[in-house]
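Here's query.cif, which has mmCIF, C-alpha atoms and all ligand atoms:
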```
data_final
#
loop_
_atom_site.label_atom_id
_atom_site.label_comp_id
_atom_site.auth_asym_id
_atom_site.auth_seq_id
_atom_site.Cartn_x
_atom_site.Cartn_y
_atom_site.Cartn_z
CA MET A 1 60.27 115.43 90.06
CA THR A 2 59.91 117.63 86.98
CA ALA A 3 57.86 115.80 84.34
CA GLY A 4 59.33 114.38 81.15
CA LEU A 5 62.91 114.47 82.30
CA SER A 6 65.67 112.25 81.08
CA ILE A 7 68.95 113.94 81.77
CA ALA A 8 72.29 112.35 82.54
CA HIS A 9 73.26 113.91 85.85
CA PRO A 10 76.84 114.62 86.80
CA SER A 11 78.43 111.79 88.68
CA LEU A 12 81.32 112.13 91.04
CA HIS A 13 82.94 108.92 90.01
CA ALA A 14 82.23 108.63 86.29
CA ASP A 15 84.69 110.40 84.05
CA SER A 16 81.94 112.78 83.04
CA ASP A 17 82.42 115.83 80.81
CA PHE A 18 80.35 117.79 83.30
CA TRP A 19 83.30 118.78 85.48
CA ASN A 20 85.12 120.44 82.61
CA ASN A 21 82.03 121.87 80.92
CA PRO A 22 78.84 122.12 83.02
CA TYR A 23 77.01 124.40 80.59
CA PRO A 24 75.32 121.74 78.36
CA PHE A 25 73.87 120.19 81.55
CA TYR A 26 72.55 123.57 82.71
CA ASP A 27 70.98 124.16 79.27
CA LYS A 28 69.24 120.78 79.44
CA LEU A 29 67.87 121.52 82.92
CA ARG A 30 66.62 124.95 81.80
CA ALA A 31 64.98 123.47 78.69
CA VAL A 32 63.01 121.07 80.88
CA ASP A 33 62.20 123.63 83.54
CA PRO A 34 64.05 126.78 84.73
CA VAL A 35 62.91 125.81 88.26
CA TYR A 36 63.77 122.14 87.84
CA GLN A 37 62.74 119.79 90.63
CA GLY A 38 64.92 116.76 91.19
CA THR A 39 68.00 115.31 92.83
CA VAL A 40 71.54 116.18 91.83
CA LEU A 41 74.48 114.51 93.58
CA LYS A 42 72.25 113.05 96.33
CA TYR A 43 70.60 116.40 97.11
CA PRO A 44 66.89 116.77 96.31
CA GLY A 45 65.60 120.29 95.72
CA ARG A 46 64.79 122.96 93.17
CA TYR A 47 67.62 123.73 90.75
CA ILE A 48 67.19 127.20 89.27
CA THR A 49 68.79 127.86 85.90
CA GLY A 50 66.58 130.71 84.60
CA TYR A 51 67.90 134.24 85.07
CA GLN A 52 64.56 135.81 86.00
CA GLU A 53 63.78 133.07 88.51
CA ALA A 54 67.28 133.20 90.02
CA GLU A 55 67.09 136.97 90.45
CA ALA A 56 63.59 136.71 91.96
CA VAL A 57 64.66 134.14 94.58
CA LEU A 58 67.83 136.07 95.51
CA LYS A 59 65.80 139.24 96.08
CA ASP A 60 63.01 137.51 98.02
CA THR A 61 63.67 137.44 101.78
CA ARG A 62 61.19 134.60 102.26
CA PHE A 63 64.04 132.44 101.00
CA LYS A 64 66.41 132.11 103.92
CA ASN A 65 70.13 131.96 103.50
CA ARG A 66 70.92 128.75 105.19
CA ILE A 67 72.77 125.69 103.97
CA PRO A 68 71.73 123.03 106.43
CA MET A 69 74.34 120.44 107.17
CA PRO A 70 72.29 117.33 106.54
CA GLU A 71 74.88 115.15 108.18
CA ALA A 72 73.69 116.36 111.59
CA SER A 73 76.28 114.85 113.81
CA ALA A 74 78.22 116.14 116.79
CA LYS A 75 81.37 115.32 114.83
CA TYR A 76 80.84 118.44 112.70
CA LYS A 77 80.09 120.78 115.58
CA HIS A 78 83.08 123.11 114.96
CA LEU A 79 81.93 123.66 111.40
CA LYS A 80 78.30 124.18 112.39
CA ASN A 81 79.17 126.59 115.20
CA LEU A 82 81.25 128.69 112.86
CA GLN A 83 78.56 128.78 110.16
CA LYS A 84 75.95 129.93 112.66
CA ASP A 85 77.75 133.27 113.23
CA MET A 86 78.85 133.88 109.64
CA LEU A 87 77.33 136.82 107.76
CA LEU A 88 76.58 134.54 104.83
CA PHE A 89 74.35 132.27 106.90
CA THR A 90 72.55 134.87 109.05
CA ASN A 91 69.16 136.40 108.25
CA HIS A 92 67.12 139.55 108.86
CA SER A 93 68.17 141.74 111.84
CA ASP A 94 71.35 139.79 112.69
CA HIS A 95 72.36 139.89 109.06
CA LYS A 96 71.68 143.66 108.77
CA ARG A 97 73.76 144.41 111.86
CA LEU A 98 76.70 142.23 110.82
CA ARG A 99 76.63 143.46 107.24
CA MET A 100 76.64 147.12 108.27
CA LEU A 101 79.63 146.59 110.56
CA ILE A 102 81.73 144.36 108.28
CA GLY A 103 80.72 146.27 105.13
CA LYS A 104 82.46 149.41 106.42
CA ALA A 105 85.81 147.72 105.72
CA PHE A 106 84.95 146.79 102.12
CA THR A 107 83.62 149.94 100.46
CA LEU A 108 84.50 150.90 96.87
CA LYS A 109 86.54 153.82 98.22
CA LYS A 110 88.62 151.51 100.44
CA ALA A 111 89.16 149.08 97.54
CA GLU A 112 90.26 151.93 95.25
CA ARG A 113 92.75 153.15 97.84
CA LEU A 114 94.32 149.68 97.81
CA LYS A 115 95.07 149.83 94.08
CA PRO A 116 98.75 150.93 94.38
CA PHE A 117 99.37 148.16 96.93
CA ILE A 118 97.64 145.59 94.71
CA THR A 119 99.67 146.72 91.66
CA ALA A 120 102.94 146.49 93.61
CA THR A 121 101.96 143.04 94.90
CA VAL A 122 101.21 141.79 91.36
CA HIS A 123 104.63 143.05 90.16
CA ASP A 124 106.40 141.40 93.11
CA VAL A 125 104.70 138.09 92.40
CA LEU A 126 105.54 138.30 88.68
CA ASP A 127 109.18 139.06 89.54
CA GLN A 128 109.38 135.69 91.32
CA ILE A 129 108.33 133.74 88.20
CA ASP A 130 110.89 132.50 85.67
CA HIS A 131 109.28 133.79 82.45
CA SER A 132 111.03 131.24 80.22
CA LYS A 133 109.79 128.17 82.09
CA THR A 134 106.33 126.68 82.54
CA ALA A 135 104.47 128.42 85.36
CA ASP A 136 101.18 127.42 86.94
CA LEU A 137 99.07 130.58 87.02
CA VAL A 138 96.93 129.17 89.85
CA SER A 139 99.75 128.41 92.32
CA ASP A 140 102.45 130.78 91.09
CA PHE A 141 100.37 133.87 90.33
CA ALA A 142 96.67 134.14 91.28
CA PHE A 143 96.92 132.42 94.63
CA PRO A 144 99.91 134.44 95.93
CA VAL A 145 98.31 137.72 94.74
CA ALA A 146 94.88 137.05 96.32
CA SER A 147 96.42 135.67 99.45
CA LEU A 148 98.88 138.56 100.00
CA VAL A 149 96.11 141.12 99.46
CA ILE A 150 93.53 139.60 101.82
CA ALA A 151 96.21 138.84 104.42
CA ASP A 152 97.27 142.50 104.40
CA ILE A 153 93.68 143.79 104.66
CA LEU A 154 92.76 141.46 107.50
CA GLY A 155 96.10 141.66 109.29
CA VAL A 156 97.15 138.03 108.95
CA PRO A 157 100.92 137.31 108.79
CA LYS A 158 101.74 136.57 105.16
CA GLU A 159 104.11 133.71 106.13
CA ASP A 160 101.03 131.67 107.09
CA ARG A 161 99.57 131.71 103.61
CA ALA A 162 100.43 128.09 102.71
CA SER A 163 98.22 126.95 105.60
CA PHE A 164 95.41 129.18 104.39
CA ARG A 165 95.47 127.63 100.94
CA GLU A 166 95.07 124.17 102.44
CA TRP A 167 92.43 125.24 104.97
CA THR A 168 90.40 127.12 102.36
CA ALA A 169 90.39 124.07 100.06
CA ASP A 170 89.15 121.86 102.94
CA VAL A 171 86.28 124.20 103.85
CA ILE A 172 85.27 124.75 100.22
CA GLN A 173 85.12 120.99 99.69
CA ALA A 174 82.90 120.60 102.76
CA ILE A 175 80.33 123.20 101.68
CA ASP A 176 80.14 121.85 98.12
CA LEU A 177 77.48 119.35 97.02
CA THR A 178 80.29 116.94 96.18
CA ARG A 179 81.14 116.64 99.87
CA SER A 180 81.64 113.22 101.39
CA LYS A 181 81.71 112.14 105.02
CA LYS A 182 85.49 112.05 104.73
CA SER A 183 85.73 115.65 103.48
CA LEU A 184 83.28 116.80 106.16
CA LEU A 185 85.35 115.18 108.86
CA LYS A 186 88.51 116.75 107.48
CA ALA A 187 86.86 120.18 107.36
CA GLY A 188 85.68 119.69 110.94
CA GLY A 189 89.34 119.35 111.95
CA THR A 190 90.28 122.33 109.79
CA ALA A 191 87.53 124.47 111.37
CA GLY A 192 89.13 123.64 114.72
CA LYS A 193 92.54 124.77 113.44
CA LEU A 194 91.09 127.99 111.95
CA THR A 195 89.31 128.70 115.22
CA ALA A 196 92.48 128.23 117.28
CA TYR A 197 94.55 130.30 114.82
CA PHE A 198 92.18 133.27 114.81
CA LYS A 199 91.49 133.14 118.55
CA ASP A 200 95.21 133.54 119.07
CA LEU A 201 95.50 136.36 116.51
CA ILE A 202 92.46 138.19 117.94
CA GLN A 203 94.05 138.01 121.39
CA LYS A 204 97.29 139.49 120.00
CA ARG A 205 95.40 142.35 118.32
CA LYS A 206 93.59 143.10 121.56
CA THR A 207 96.90 143.82 123.28
CA GLU A 208 98.60 145.32 120.20
CA PRO A 209 96.02 146.98 117.93
CA GLN A 210 96.99 147.50 114.27
CA LYS A 211 95.45 149.30 111.31
CA ASP A 212 93.75 146.18 110.00
CA VAL A 213 90.26 144.71 109.69
CA ILE A 214 90.74 142.30 112.62
CA THR A 215 91.45 145.27 114.92
CA THR A 216 88.44 147.14 113.49
CA LEU A 217 86.13 144.17 114.09
CA ILE A 218 87.39 143.72 117.65
CA SER A 219 86.65 147.38 118.41
CA GLU A 220 82.99 147.06 117.30
CA GLU A 221 80.98 146.82 120.51
CA GLN A 222 78.01 145.40 118.67
CA LEU A 223 79.90 142.26 117.59
CA THR A 224 80.17 139.24 119.85
CA GLU A 225 83.50 137.38 120.16
CA GLU A 226 82.05 134.49 118.18
CA GLU A 227 80.95 136.84 115.41
CA VAL A 228 84.40 138.43 115.16
CA LEU A 229 85.94 134.97 114.88
CA ALA A 230 83.44 133.70 112.29
CA SER A 231 83.84 136.91 110.24
CA CYS A 232 87.64 136.60 110.10
CA ILE A 233 87.31 133.03 108.89
CA LEU A 234 84.61 133.85 106.33
CA LEU A 235 86.63 136.76 104.95
CA ILE A 236 89.86 134.82 104.62
CA ILE A 237 88.09 131.98 102.78
CA ALA A 238 85.95 134.25 100.58
CA GLY A 239 88.94 136.46 99.83
CA HIS A 240 90.97 133.51 98.57
CA GLU A 241 88.89 131.05 96.65
CA THR A 242 86.69 133.03 94.27
CA THR A 243 89.22 135.77 93.47
CA VAL A 244 91.84 133.19 92.43
CA ASN A 245 89.21 131.61 90.20
CA LEU A 246 88.20 134.92 88.63
CA ILE A 247 91.80 135.76 87.71
CA CYS A 248 92.57 132.31 86.27
CA ASN A 249 89.22 131.84 84.50
CA GLY A 250 89.70 135.29 82.94
CA VAL A 251 93.20 134.58 81.64
CA PHE A 252 92.21 131.10 80.42
CA SER A 253 89.15 132.50 78.60
CA LEU A 254 91.33 135.07 76.84
CA LEU A 255 93.92 132.48 75.82
CA LYS A 256 91.18 130.34 74.29
CA HIS A 257 89.72 133.35 72.43
CA PRO A 258 92.72 135.03 70.71
CA ALA A 259 90.54 137.65 68.96
CA GLU A 260 89.24 138.84 72.34
CA LEU A 261 92.78 138.79 73.75
CA SER A 262 94.03 140.97 70.85
CA LYS A 263 91.15 143.37 71.43
CA LEU A 264 92.16 143.77 75.07
CA LEU A 265 95.87 144.13 74.28
CA GLU A 266 95.02 146.91 71.79
CA ASN A 267 92.49 148.59 74.13
CA PRO A 268 93.54 148.04 77.76
CA GLN A 269 90.70 150.34 78.88
CA LEU A 270 88.38 147.41 78.05
CA ILE A 271 89.60 145.63 81.20
CA ALA A 272 86.56 146.71 83.25
CA SER A 273 83.98 145.33 80.82
CA ALA A 274 86.23 142.30 80.11
CA THR A 275 86.23 141.47 83.84
CA GLU A 276 82.41 141.67 83.96
CA GLU A 277 82.35 139.25 81.03
CA PHE A 278 84.74 136.82 82.78
CA LEU A 279 82.43 136.95 85.80
CA ARG A 280 79.46 136.09 83.58
CA PHE A 281 81.13 133.61 81.24
CA GLU A 282 82.92 131.48 83.86
CA SER A 283 81.30 132.55 87.14
CA PRO A 284 83.71 131.70 90.00
CA ALA A 285 80.76 130.97 92.34
CA GLN A 286 78.46 128.72 90.33
CA LEU A 287 75.85 128.11 92.99
CA THR A 288 74.27 129.48 96.11
CA ALA A 289 71.47 127.99 98.19
CA ARG A 290 68.34 129.07 100.04
CA THR A 291 65.54 127.43 102.00
CA ALA A 292 61.90 128.50 101.46
CA SER A 293 60.52 129.72 104.82
CA GLU A 294 56.93 129.54 103.49
CA ASP A 295 55.12 128.45 100.33
CA CYS A 296 56.28 130.85 97.57
CA VAL A 297 55.29 131.20 93.93
CA ILE A 298 58.17 132.08 91.61
CA ASN A 299 57.22 132.60 87.98
CA GLN A 300 54.16 130.36 88.37
CA HIS A 301 56.16 127.64 90.13
CA LEU A 302 55.08 126.74 93.64
CA ILE A 303 58.09 126.22 95.90
CA LYS A 304 56.91 124.64 99.12
CA LYS A 305 57.90 125.65 102.66
CA GLY A 306 61.10 123.84 103.66
CA GLU A 307 62.21 123.09 100.11
CA GLN A 308 65.88 123.52 99.42
CA VAL A 309 66.57 125.84 96.48
CA TYR A 310 69.85 125.78 94.56
CA ILE A 311 70.44 128.88 92.46
CA LEU A 312 72.82 128.01 89.64
CA LEU A 313 74.44 131.41 89.05
CA GLY A 314 76.63 130.05 86.24
CA ALA A 315 73.47 128.86 84.44
CA ALA A 316 71.48 132.07 85.00
CA ASN A 317 74.45 133.97 83.57
CA ARG A 318 74.09 132.01 80.32
CA ASP A 319 70.32 132.29 79.98
CA PRO A 320 69.59 133.13 76.31
CA GLU A 321 66.48 135.07 77.37
CA VAL A 322 68.79 137.73 78.83
CA PHE A 323 72.20 137.31 77.18
CA HIS A 324 72.58 137.37 73.40
CA ARG A 325 74.80 134.45 72.26
CA PRO A 326 75.37 133.43 75.89
CA HIS A 327 78.07 130.85 75.14
CA GLN A 328 80.17 133.45 73.34
CA LEU A 329 82.89 135.39 75.18
CA ASP A 330 82.46 139.09 74.32
CA ILE A 331 84.66 141.43 76.35
CA THR A 332 82.67 144.45 75.12
CA ARG A 333 79.28 143.03 76.15
CA ASN A 334 77.02 145.84 77.31
CA PRO A 335 74.75 145.68 79.21
CA ASN A 336 75.99 142.73 81.24
CA PRO A 337 73.67 142.31 84.24
CA HIS A 338 75.28 139.05 85.45
CA LEU A 339 74.50 137.57 88.86
CA ALA A 340 78.07 136.41 89.60
CA PHE A 341 78.15 138.32 92.91
CA GLY A 342 74.58 137.34 93.80
CA LYS A 343 71.83 139.91 94.29
CA GLY A 344 69.68 141.31 97.07
CA ALA A 345 70.50 141.38 100.77
CA HIS A 346 73.45 138.97 100.58
CA VAL A 347 75.10 140.41 97.46
CA CYS A 348 78.89 139.99 97.72
CA ILE A 349 80.53 142.37 100.15
CA GLY A 350 83.94 141.96 98.49
CA SER A 351 82.85 142.69 94.90
CA SER A 352 84.74 146.02 94.58
CA LEU A 353 87.90 144.48 95.96
CA ALA A 354 87.57 141.40 93.72
CA ARG A 355 86.99 143.53 90.63
CA ILE A 356 89.99 145.81 91.29
CA GLU A 357 92.20 142.85 92.14
CA ALA A 358 91.27 140.89 89.01
CA GLN A 359 91.48 143.90 86.69
CA THR A 360 94.92 144.84 88.05
CA ALA A 361 96.26 141.28 88.05
CA ILE A 362 95.10 140.43 84.52
CA LEU A 363 96.15 143.72 82.93
CA THR A 364 99.57 143.81 84.59
CA LEU A 365 100.17 140.18 83.60
CA LEU A 366 99.31 140.96 79.95
CA GLU A 367 101.42 144.13 79.93
CA ARG A 368 104.45 142.26 81.22
CA ALA A 369 103.82 139.06 79.27
CA PRO A 370 101.92 139.93 76.05
CA ASP A 371 103.16 136.70 74.42
CA ILE A 372 101.81 134.49 77.20
CA ARG A 373 100.72 131.09 75.86
CA LEU A 374 99.08 127.92 77.12
CA VAL A 375 101.28 124.89 77.56
CA LYS A 376 98.29 122.61 76.91
CA THR A 377 94.64 123.28 76.14
CA ASP A 378 93.15 120.29 77.99
CA VAL A 379 93.33 121.73 81.48
CA THR A 380 91.12 120.23 84.17
CA TYR A 381 88.78 121.72 86.72
CA ARG A 382 88.41 120.67 90.34
CA LYS A 383 85.41 118.40 90.91
CA LEU A 384 83.30 121.06 92.61
CA PHE A 385 79.66 121.73 91.76
CA GLY A 386 79.50 125.21 93.26
CA PHE A 387 82.80 126.68 92.12
CA ARG A 388 84.41 127.07 88.71
CA SER A 389 87.96 126.38 89.69
CA LEU A 390 90.90 125.26 87.52
CA SER A 391 93.16 122.64 89.11
CA ALA A 392 96.16 124.25 87.43
CA LEU A 393 96.81 126.58 84.49
CA PRO A 394 100.23 125.86 82.96
CA VAL A 395 101.53 128.71 80.77
CA VAL A 396 104.80 130.11 79.48
CA LEU A 397 105.02 133.88 79.94
CA SER A 398 107.50 134.68 77.17
C1 LIG A 401 85.42 137.01 92.18
C2 LIG A 401 85.34 137.06 93.45
C3 LIG A 401 84.08 136.82 94.22
C4 LIG A 401 82.88 136.24 93.84
C5 LIG A 401 82.51 135.69 92.47
C6 LIG A 401 82.02 136.26 94.99
C7 LIG A 401 80.72 135.79 95.00
C8 LIG A 401 79.84 135.94 96.04
C9 LIG A 401 78.43 135.59 96.00
C10 LIG A 401 77.72 134.95 94.81
C11 LIG A 401 77.89 135.93 97.19
C12 LIG A 401 76.42 135.79 97.59
C13 LIG A 401 76.11 134.47 98.24
C14 LIG A 401 74.64 134.31 98.52
O1 LIG A 401 73.81 135.13 98.12
O2 LIG A 401 74.29 133.30 99.14
C15 LIG A 401 78.96 136.46 98.02
C16 LIG A 401 78.80 136.87 99.31
C17 LIG A 401 79.85 137.28 100.08
N1 LIG A 401 81.15 137.53 99.67
FE1 LIG A 401 81.90 137.29 97.84
N2 LIG A 401 82.70 136.81 96.05
C18 LIG A 401 83.96 137.18 95.61
C19 LIG A 401 84.95 137.79 96.34
C20 LIG A 401 84.84 138.14 97.65
C21 LIG A 401 85.87 138.78 98.44
C22 LIG A 401 87.24 139.21 97.90
C23 LIG A 401 85.37 138.90 99.70
C24 LIG A 401 85.99 139.50 100.93
C25 LIG A 401 87.17 139.72 101.18
C26 LIG A 401 84.03 138.36 99.70
C27 LIG A 401 83.20 138.30 100.80
C28 LIG A 401 81.88 137.93 100.76
C29 LIG A 401 81.02 137.95 101.95
C30 LIG A 401 81.43 138.32 103.36
C31 LIG A 401 79.74 137.54 101.51
C32 LIG A 401 78.49 137.39 102.36
C33 LIG A 401 77.62 138.61 102.22
C34 LIG A 401 76.31 138.49 102.97
O3 LIG A 401 75.89 137.38 103.28
O4 LIG A 401 75.71 139.53 103.25
N3 LIG A 401 83.74 137.91 98.45
N4 LIG A 401 80.14 136.48 97.28
#
```
Do you think you could lay out the structure here as structure tokens?
Ligand code: HEM
Amino acid sequence: MTAGLSIAHPSLHADSDFWNNPYPFYDKLRAVDPVYQGTVLKYPGRYITGYQEAEAVLKDTRFKNRIPMPEASAKYKHLKNLQKDMLLFTNHSDHKRLRMLIGKAFTLKKAERLKPFITATVHDVLDQIDHSKTADLVSDFAFPVASLVIADILGVPKEDRASFREWTADVIQAIDLTRSKKSLLKAGGTAGKLTAYFKDLIQKRKTEPQKDVITTLISEEQLTEEEVLASCILLIIAGHETTVNLICNGVFSLLKHPAELSKLLENPQLIASATEEFLRFESPAQLTARTASEDCVINQHLIKKGEQVYILLGAANRDPEVFHRPHQLDITRNPNPHLAFGKGAHVCIGSSLARIEAQTAILTLLERAPDIRLVKTDVTYRKLFGFRSLSALPVVLS
């Protein structure tokens, strides 16, 4: 345990401020030690809040990308089996092979070519919203946009998107440090449903190939059937959760900072740097994890073989050593070397798509609804340690 520490840790049950504003807690951890050793929410390990240290661990392949399921029980076998073949949880040569094959579908060029489709999708979704009534930007806007886009890319029927929202939420809850036995069991069942759903869809694509990512993955001889299945599931979950959060966190940040909103309305070309700032300021993925495969020294801290390391991306992105006035939203911030998409071998494969989607969604929303306003300022966040995710964002568009 890091010496001299007396910090109130977030509690799942107490009505703690942490869930709505984790940043004071991160600052306290960093002040004690940027490579803090302790237990948060039942999980002992190293909690990294310093930017330099976070970047060093992410780039160091001695830290393996594996989130062990400590609740090692046969009951969670569906979930474990799926994780085993997912790009995110593979290492070294398996990871390189999978990344090269899946990455082909998510290049910047491919994302740029999708821009007209993304713009049309955003307009369609906005057309469905009654602009004079309260709308929830999470359910009525960001979720439909992200879900229609990823469904089209992968080749998943868009009618099934309600199921995907539910299934994604179950899996996200199970990989978060707030997980309980109940949520793990539920996610085990959901992993079974996802497996059955995609097995069926993969079979259909084998007999009737389409111009979609599922068909591309099937045609890759170097991918096993299990890897194709796990990749489809990873992509559908990754494509939903964090992109929805980026769009909503971005809009909410602007509505709470009217001067920054006016700047963007006057200079729409600022949308690219504004999106980088939303990624830094309210990072959709707040945490990622690694296991030390040998004793490693990071900035004079010895991390022992087998230790679990939690990299708090949302904390590193507010490290005052790197970011001037880190708790200030500045849509013109430059440079902005945030770690919101990770770094190193596992850096996000969908970052170009996520950026284009968020830029298009936020700008189109503001163009069509420049008078958008919050219905209430005390919105709440989901109780997740690893994701910055609004429960709902009620607004009136005009
Ligand atoms: C704002 C949106 C997004 C954020 C903030 C985000 C964040 C991240 C982060 C932090 C990682 C690295 C995890 C680690 O190092 O352990 C990652 C990896 C990954 N992301 Fe994203 N992501 C986003 C959107 C997407 C989208 C749209 C897709 C795909 C459709 C995607 C697919 C992936 C995949 C497949 C990986 C694993 C890469 C690997 O292990 O080599 N992400 N993402």
Open item on the list: Any residue with an atom at most 7 Å from ligand LIG 401 (chain A) counts, using all atoms listed in the file. Which are they? Put them as a PyMOL selection string.
Closed with: chain A and resi 58+65+87-89+95+99+150+234-236+238-240+242-243+245-246+279+283-285+288-289+340-343+345-351+353-355
- [ ] Please identify all polymer residues within 10 Å of A:Asp85, counting all atoms listed in the file, omitting same-chain residues fewer than 4 positions from it, and present them as a ChimeraX atom specification.
- [x] /A:80-81,89-90,94-95,98,224-231,234
- [ ] Quote the spacing between atom CA of A:Leu261 and atom CA of A:Ala316 in Å to one decimal place.
- [x] 25.0 Å
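Near A:Asp176, within 8 Å and counting all atoms listed in the file, sit Leu384, Phe385 and Gly386 of chain A; same-chain residues fewer than 5 positions away were not included.
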Task: Distance of atom CA of A:Glu367 from atom CA of A:Phe117, expressed in Å to one decimal place - done: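 If I compute the distance from atom CA of A:Phe117 to atom CA of A:Glu367, I get 17.6 Å.
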TODO: May I have the residues at most 12 Å from (83.7, 147.7, 79.3) in the file's coordinates, counting only C-alpha atoms, as a list of chain:residue names?
DONE: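 The distance filter leaves exactly A:Lys263, A:Leu264, A:Asn267, A:Pro268, A:Gln269, A:Leu270, A:Ile271, A:Ala272, A:Ser273, A:Ala274, A:Thr275, A:Glu276, A:Glu277, A:Phe278, A:Asp330, A:Ile331, A:Thr332, A:Arg333, A:Asn334, A:Pro335, A:Asn336, A:Gln359.
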Open item on the list: Counting all atoms listed in the file, which residue out of A:Glu241, A:Pro116, A:Leu223, A:Leu185 sits closest to A:Phe164?
Closed with: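 Closest candidate: A:Glu241.
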TODO: Find the distance between atom CA of A:Ser352 and atom CA of A:Lys211 and write it in Å to one decimal.
DONE: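 Separating atom CA of A:Ser352 from atom CA of A:Lys211 is a distance of 20.1 Å.
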Name the residues within 9 Å of (69.5, 124.8, 93.0), counting all atoms listed in the file in the file's coordinates, and put them as a tab-separated table (two decimals) with C-alpha atoms, in the frame of the given file.
```tsv
chain	number	residue	atom	x	y	z
A	35	VAL	CA	62.91	125.81	88.26
A	36	TYR	CA	63.77	122.14	87.84
A	37	GLN	CA	62.74	119.79	90.63
A	40	VAL	CA	71.54	116.18	91.83
A	45	GLY	CA	65.60	120.29	95.72
A	46	ARG	CA	64.79	122.96	93.17
A	47	TYR	CA	67.62	123.73	90.75
A	48	ILE	CA	67.19	127.20	89.27
A	49	THR	CA	68.79	127.86	85.90
A	287	LEU	CA	75.85	128.11	92.99
A	288	THR	CA	74.27	129.48	96.11
A	289	ALA	CA	71.47	127.99	98.19
A	290	ARG	CA	68.34	129.07	100.04
A	308	GLN	CA	65.88	123.52	99.42
A	309	VAL	CA	66.57	125.84	96.48
A	310	TYR	CA	69.85	125.78	94.56
A	311	ILE	CA	70.44	128.88	92.46
A	312	LEU	CA	72.82	128.01	89.64
```
List as JSON lines every residue of stretch 104-162 of chain A that is in contact with stretch 370-377 of chain A, defined as an atom at most 10 Å from one of its atoms (using only C-alpha atoms), together with the nearest atom pair and the distance in Å rounded to one decimal, sorted by chain and then rising number.
```
{"residue": "A:His131", "atom": "CA", "partner": "A:Ile372", "partner_atom": "CA", "distance": 9.2}
{"residue": "A:Thr134", "atom": "CA", "partner": "A:Val375", "partner_atom": "CA", "distance": 7.3}
{"residue": "A:Ala135", "atom": "CA", "partner": "A:Val375", "partner_atom": "CA", "distance": 9.1}
{"residue": "A:Asp136", "atom": "CA", "partner": "A:Val375", "partner_atom": "CA", "distance": 9.7}
```
Open item on the list: For A:Ala151, find every residue with an atom within 12 Å (counting only C-alpha atoms), except residues of its own chain fewer than 2 positions away, and show them as a count of residues only.
Closed with: 32
